[in-house]
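K.L.:
Dropping a structure here in C-alpha cells format, bear with me for questions.
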Amino acid sequence: MKRVSILGSTGSIGQSTLSLIAGRPGEYDVVALTGGRNVELLARQAAETGAAIAVTSEPDLLDQLRDALPAGIEAAAGAEAIAEAAARRADWVMSAIVGAAGLAPGLAAIETGTTLALANKETLVAAGPLVLSRAAASGATILPVDSEHSAIFQALRGEDPAAVERVIITASGGALRDWPMERLAEATPEEAGRHPNWAMGNRITVDSASMFNKALEVIEAKEFFGFSPDRIEVLIHHESIVHALVGFVDGGVMAHLGPPDMRHAIGHALDWPDRRALPVERLDLAKIGQLSFRPPDEARWPALRLARDVMARGGLTGAAFNAAKEAALDAFLARQMRFTDMAHIVETVLDEMDASGETSGRGDISLGDVLETDAAARARARGAATRLSQTV
Ligand code: NAD
Ligand code: MG
C-alpha cells in the first residue's frame, strides 16, 4: 500500500485528491490529513480514510477536532504540529495548503526524501532555490500539480531541456476579463471570485482575476524548470483547454490539452511515473469547436509586469512579492481596498524593500530569511493599505 499524506485536505485540491484515493479502495494507507478551521470536515475525512493523524492549524479548535474524531485517530493543532505531521514517513505527500503557510510543512516533507506533489505554488515563489536544494540533498522528488506546470512537465517528458526555446503558459483571464478597464476598481470580492472555467479555492480564484495567480505561476515555472524569464510567455486563452505549450529549437510546439479539472494534474502526480485511468471528462474538441488565444494586456493586469521585476531582482524578492500579495488580497477580501489597489500596494512594497536592501538576499537563503522577509512585506503591505484607506 502506498502511504500518503495530504496537507490542506479540506480545501479544493485536498478534496479532489481524496476523491481520487477513495476511487481506488485498498491501494492507499492515509498517514496525515491537515486542515484549517473546518474541523468537522477534517474529522470526517480522517474517519473515512482511517488516517493515523488529523491536524488543524487552529489551536483553539483542538478539543473540537478531538471530539469529532473516532477513537484511535490522533489529533493535533498548530503550525508546528502540521509540519511534524508532514514529516511522518509517507511515500507521497500532497502539498495543498494555500499561501505561504504551506512552505514550512512542504519543506518538512521534503527533508524526509518523500515524493512531494506540489500544488502550493507559493513554496517555489517564496523559496525556490532553498526548496530545490533541500530536495536534492534529501533525495526528495517534487512533482508539479499546478495545471500549467503539470502540462509543461508532461510536454517535456523524454525531451532534452536544452532544446527548449520557450514555454507558453495560458491564462483564462479570470472573472473580470471582459469588464471595461475603468470598472475594475469597483469589482467586489464576489464578482472577482466567480471563475469562468475552474472551480477552485476562493483566494486563487480572485488571484486569477487579478492575474496574480499567473504572475506566481510564471515565477514558479522559472524556479521549477530553470527557464530563463525571457523564455516564459503568457497567453490569454478563454477556454482553459490548452494548459501550457513548450516550443523547441526546431520550431515544434508541444501543447497539453484537457478539460479544466484538477483531478488530471493531481492524478498524474499520484501515478507518476506511470499513467493510469483517471475519472476525468474526456476532451471533445468537436463540441468545443474553437480555441482562442490573445496576448495579455499588461495595463489591465500589472501583476504580469511585477512578476518580471521579481525574477530580475531575485534574492528574497519572491518571498516579499507573495507575502505582499497575500496581505493585499486579505485587505481586498475584507473590503478595505479596491481590486486595482492590490497591484499598486504590492509594487510599492517591492520597491521599498528593494531600495532598503531587505530583499537582496545575498548568499544562501534560509527558511528563517524567507519567513522574516514574508513578515516584513506583510507589515509593509498592511501599513500601505491603512494609509490608502485613510485617503480614499
Ligand atoms: P483552498 O482554500 O480550497 O484550501 C486550502 C487548504 O489549506 C484548506 O485545507 C485550508 O484549511 C488550509 N489552510 C488555509 N490556511 C492555512 C494555514 N494558515 N495553515 C494551515 N492550513 C491552512 O485552496 P485550494 O484552491 O485547494 O489551493 C491550495 C493550493 O493549491 C494553493 O497554493 C493554490 O494556489 C494551489 N492550486 C490550486 C488549484 C485549484 O484548482 N484549486 C490549482 C492550482 C494550484
Ligand atoms: Mg494554475
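By convention here, the chains of the C-alpha cells are called A, B, ... in the order presented, each chain's residues are numbered starting at 1, and ligands are numbered starting at 1 in the order presented.
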Give me the residues within 9 Å of range 82-90 of chain A as a PyMOL selection string, counting only C-alpha atoms and dropping any in the same chain fewer than 4 places off.
P.N.:
chain A and resi 2-7+29-35+53-57+76-78+104-112+114-115
K.L.:
Counting only C-alpha atoms and all ligand atoms, which protein, DNA or RNA residues come within 7 Å of ligand 2, given as a list in words?
P.N.:
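Final answer, ordered by chain and number: Asp146, Ser147, Glu148 and Glu217 of chain A.
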K.L.:
Go ahead and save the residues from that selection, with C-alpha atoms, as a compact mmCIF listing (two decimals), in the first residue's frame.
P.N.:
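Contents of the output file again_14.txt:
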```
# COMPACT_ATOMS: atom_id res chain seq x y z
CA ASP A 146 -0.43 23.35 -10.85
CA SER A 147 -2.16 22.50 -14.14
CA GLU A 148 0.18 24.62 -16.29
CA GLU A 217 2.95 30.67 -11.99
```
K.L.:
Hey, which of A:Arg387, A:Thr49, A:Ala277, A:Asn213 ends up closest to Gly99 in chain A? Count only C-alpha atoms.
P.N.:
A:Asn213
K.L.:
Between chain A and ligand 1, at 7 Å or less, what are the per-residue closest atom pairs and their distances in Å? Count only C-alpha atoms and all ligand atoms, order by chain and rising residue number, and return it as CSV.
P.N.:
```
residue,atom,partner,partner_atom_place_in_ligand_line,distance
A:Leu7,CA,ligand 1,9 (O),7.0
A:Gly8,CA,ligand 1,9 (O),3.3
A:Ser9,CA,ligand 1,9 (O),4.8
A:Thr10,CA,ligand 1,9 (O),3.8
A:Gly11,CA,ligand 1,4 (O),3.1
A:Ser12,CA,ligand 1,26 (O),3.6
A:Ile13,CA,ligand 1,26 (O),3.9
A:Gly14,CA,ligand 1,26 (O),5.9
A:Thr34,CA,ligand 1,9 (O),6.6
A:Gly35,CA,ligand 1,11 (O),3.8
A:Gly36,CA,ligand 1,11 (O),3.3
A:Arg37,CA,ligand 1,11 (O),6.1
A:Asn38,CA,ligand 1,11 (O),6.5
A:Ser57,CA,ligand 1,20 (C),4.8
A:Ala79,CA,ligand 1,19 (N),6.3
A:Ala96,CA,ligand 1,28 (C),4.3
A:Ile97,CA,ligand 1,7 (O),3.4
A:Val98,CA,ligand 1,31 (C),3.9
A:Gly99,CA,ligand 1,32 (O),5.3
A:Ala101,CA,ligand 1,18 (N),5.0
A:Gly102,CA,ligand 1,20 (C),6.7
A:Ala119,CA,ligand 1,30 (O),4.2
A:Asn120,CA,ligand 1,32 (O),3.4
A:Lys121,CA,ligand 1,32 (O),5.1
A:Glu122,CA,ligand 1,32 (O),6.0
A:Val145,CA,ligand 1,43 (C),6.6
A:Asp146,CA,ligand 1,43 (C),4.1
A:Ser147,CA,ligand 1,43 (C),6.0
A:Trp198,CA,ligand 1,40 (O),6.6
A:Ala199,CA,ligand 1,40 (O),6.3
A:Met200,CA,ligand 1,41 (N),3.6
A:Gly201,CA,ligand 1,25 (O),3.3
A:Asn202,CA,ligand 1,2 (O),6.0
A:Arg203,CA,ligand 1,2 (O),6.3
A:Ile204,CA,ligand 1,34 (O),5.3
A:Met262,CA,ligand 1,40 (O),5.6
```
K.L.:
Limited to N, CA and C atoms, could you put the picked residues into a file as a compact mmCIF listing (two decimals), in the first residue's frame?
P.N.:
```txt
# COMPACT_ATOMS: atom_id res chain seq x y z
N LEU A 7 -1.67 17.55 2.90
CA LEU A 7 -1.61 18.81 3.65
C LEU A 7 -2.61 19.77 3.00
N GLY A 8 -3.60 20.20 3.77
CA GLY A 8 -4.67 21.01 3.18
C GLY A 8 -5.77 20.13 2.60
N SER A 9 -6.09 19.04 3.30
CA SER A 9 -7.03 18.05 2.75
C SER A 9 -8.46 18.59 2.66
N THR A 10 -8.78 19.63 3.43
CA THR A 10 -10.16 20.14 3.41
C THR A 10 -10.40 21.17 2.30
N GLY A 11 -9.36 21.53 1.58
CA GLY A 11 -9.51 22.53 0.52
C GLY A 11 -9.92 21.88 -0.80
N SER A 12 -9.95 22.71 -1.81
CA SER A 12 -10.38 22.27 -3.14
C SER A 12 -9.45 21.16 -3.68
N ILE A 13 -8.16 21.40 -3.68
CA ILE A 13 -7.20 20.39 -4.16
C ILE A 13 -7.20 19.18 -3.24
N GLY A 14 -7.24 19.44 -1.93
CA GLY A 14 -7.24 18.34 -0.96
C GLY A 14 -8.42 17.41 -1.17
N THR A 34 -4.35 17.33 7.05
CA THR A 34 -4.33 18.60 7.79
C THR A 34 -5.32 19.58 7.19
N GLY A 35 -5.86 20.43 8.04
CA GLY A 35 -6.81 21.43 7.59
C GLY A 35 -6.74 22.68 8.43
N GLY A 36 -7.74 23.53 8.26
CA GLY A 36 -7.78 24.80 8.99
C GLY A 36 -8.93 24.81 9.97
N ARG A 37 -9.89 25.71 9.76
CA ARG A 37 -10.99 25.89 10.71
C ARG A 37 -12.10 24.84 10.53
N ASN A 38 -12.14 24.20 9.38
CA ASN A 38 -13.23 23.27 9.09
C ASN A 38 -12.94 21.89 9.69
N SER A 57 -4.83 23.69 11.81
CA SER A 57 -3.88 24.79 12.03
C SER A 57 -4.28 25.62 13.25
N ALA A 79 0.70 25.26 13.76
CA ALA A 79 1.59 25.21 12.59
C ALA A 79 2.71 24.18 12.78
N ALA A 96 -1.05 21.02 -0.39
CA ALA A 96 -2.20 21.79 -0.89
C ALA A 96 -2.76 22.75 0.14
N ILE A 97 -1.88 23.23 1.03
CA ILE A 97 -2.26 24.34 1.91
C ILE A 97 -2.19 25.59 1.03
N VAL A 98 -3.05 26.56 1.27
CA VAL A 98 -2.99 27.78 0.48
C VAL A 98 -2.07 28.80 1.15
N GLY A 99 -1.26 29.45 0.34
CA GLY A 99 -0.43 30.55 0.84
C GLY A 99 0.92 30.12 1.38
N ALA A 101 1.81 29.71 4.23
CA ALA A 101 1.69 28.74 5.34
C ALA A 101 2.04 27.33 4.87
N GLY A 102 2.04 27.09 3.58
CA GLY A 102 2.36 25.77 3.05
C GLY A 102 3.85 25.50 2.93
N ALA A 119 1.09 21.43 -5.10
CA ALA A 119 0.05 22.35 -5.59
C ALA A 119 0.34 23.75 -5.08
N ASN A 120 0.91 23.83 -3.89
CA ASN A 120 1.19 25.12 -3.25
C ASN A 120 2.30 25.86 -4.01
N LYS A 121 1.88 26.70 -4.97
CA LYS A 121 2.86 27.40 -5.82
C LYS A 121 3.68 28.40 -5.03
N GLU A 122 3.11 28.87 -3.89
CA GLU A 122 3.80 29.87 -3.08
C GLU A 122 5.15 29.33 -2.59
N VAL A 145 1.87 20.15 -9.57
CA VAL A 145 0.42 19.87 -9.63
C VAL A 145 -0.35 21.04 -10.25
N ASP A 146 0.20 22.24 -10.16
CA ASP A 146 -0.43 23.35 -10.85
C ASP A 146 -0.64 22.90 -12.30
N SER A 147 -1.83 23.12 -12.85
CA SER A 147 -2.16 22.50 -14.14
C SER A 147 -1.17 22.89 -15.24
N TRP A 198 -12.77 27.25 -13.96
CA TRP A 198 -12.27 26.33 -12.92
C TRP A 198 -13.03 26.52 -11.61
N ALA A 199 -13.27 25.43 -10.90
CA ALA A 199 -13.78 25.51 -9.53
C ALA A 199 -12.60 25.35 -8.59
N MET A 200 -12.23 26.43 -7.89
CA MET A 200 -11.01 26.40 -7.06
C MET A 200 -11.30 27.10 -5.75
N GLY A 201 -10.32 27.11 -4.86
CA GLY A 201 -10.45 27.86 -3.61
C GLY A 201 -10.67 29.34 -3.93
N ASN A 202 -11.26 30.06 -2.96
CA ASN A 202 -11.61 31.46 -3.20
C ASN A 202 -10.39 32.34 -3.48
N ARG A 203 -9.29 32.12 -2.75
CA ARG A 203 -8.14 33.01 -2.89
C ARG A 203 -7.53 32.90 -4.29
N ILE A 204 -7.32 31.69 -4.76
CA ILE A 204 -6.70 31.52 -6.09
C ILE A 204 -7.66 32.01 -7.17
N MET A 262 -8.80 19.65 -12.10
CA MET A 262 -7.51 19.43 -11.42
C MET A 262 -7.24 17.97 -11.11
```
K.L.:
Identify, on the basis of only C-alpha atoms, every residue whose closest approach to Val310 in chain A does not exceed 8 Å; exclude the query and any residue fewer than 4 positions from it along the same chain; express the result as a PyMOL selection string.
P.N.:
chain A and resi 219+306+314+317-318+321
K.L.:
Mind dumping a table of every range 59-177 of chain A residue within 7 Å of range 221-243 of chain A, with the nearest atom pair and its distance in Å to one decimal, using only C-alpha atoms, sorted by chain and rising number, as JSON lines?
P.N.:
```
{"residue": "A:Leu124", "atom": "CA", "partner": "A:Glu223", "partner_atom": "CA", "distance": 6.4}
{"residue": "A:Gly128", "atom": "CA", "partner": "A:Glu223", "partner_atom": "CA", "distance": 5.5}
{"residue": "A:Ser147", "atom": "CA", "partner": "A:His243", "partner_atom": "CA", "distance": 6.4}
{"residue": "A:Glu148", "atom": "CA", "partner": "A:His243", "partner_atom": "CA", "distance": 5.0}
{"residue": "A:His149", "atom": "CA", "partner": "A:Ala221", "partner_atom": "CA", "distance": 6.7}
{"residue": "A:Ala151", "atom": "CA", "partner": "A:His243", "partner_atom": "CA", "distance": 6.1}
{"residue": "A:Glu165", "atom": "CA", "partner": "A:Arg231", "partner_atom": "CA", "distance": 6.8}
{"residue": "A:Arg166", "atom": "CA", "partner": "A:Arg231", "partner_atom": "CA", "distance": 4.5}
{"residue": "A:Val167", "atom": "CA", "partner": "A:Ile232", "partner_atom": "CA", "distance": 5.1}
{"residue": "A:Ile168", "atom": "CA", "partner": "A:Glu233", "partner_atom": "CA", "distance": 4.6}
{"residue": "A:Ile169", "atom": "CA", "partner": "A:Val234", "partner_atom": "CA", "distance": 4.9}
{"residue": "A:Thr170", "atom": "CA", "partner": "A:Leu235", "partner_atom": "CA", "distance": 4.8}
{"residue": "A:Ala171", "atom": "CA", "partner": "A:Ile236", "partner_atom": "CA", "distance": 4.8}
{"residue": "A:Ser172", "atom": "CA", "partner": "A:His238", "partner_atom": "CA", "distance": 4.6}
{"residue": "A:Gly173", "atom": "CA", "partner": "A:Ile236", "partner_atom": "CA", "distance": 6.1}
```
K.L.:
For the residues in that selection, give me C-alpha atoms as a PDB file, in the first residue's frame.
P.N.:
```pdb
ATOM      1  CA  LEU A 124       8.602  27.898  -5.093  1.00  0.00           C
ATOM      2  CA  GLY A 128      12.560  28.174  -4.890  1.00  0.00           C
ATOM      3  CA  SER A 147      -2.157  22.504 -14.145  1.00  0.00           C
ATOM      4  CA  GLU A 148       0.180  24.620 -16.287  1.00  0.00           C
ATOM      5  CA  HIS A 149       3.295  23.139 -14.687  1.00  0.00           C
ATOM      6  CA  ALA A 151       1.311  20.373 -18.581  1.00  0.00           C
ATOM      7  CA  GLU A 165      13.229  27.541 -26.797  1.00  0.00           C
ATOM      8  CA  ARG A 166      10.228  28.908 -24.917  1.00  0.00           C
ATOM      9  CA  VAL A 167       7.263  27.971 -22.786  1.00  0.00           C
ATOM     10  CA  ILE A 168       3.809  29.445 -23.039  1.00  0.00           C
ATOM     11  CA  ILE A 169       1.542  29.414 -20.007  1.00  0.00           C
ATOM     12  CA  THR A 170      -2.107  30.010 -20.740  1.00  0.00           C
ATOM     13  CA  ALA A 171      -4.456  32.091 -18.604  1.00  0.00           C
ATOM     14  CA  SER A 172      -8.238  32.157 -18.718  1.00  0.00           C
ATOM     15  CA  GLY A 173      -8.230  35.841 -17.818  1.00  0.00           C
TER      16      GLY A 173
END
```
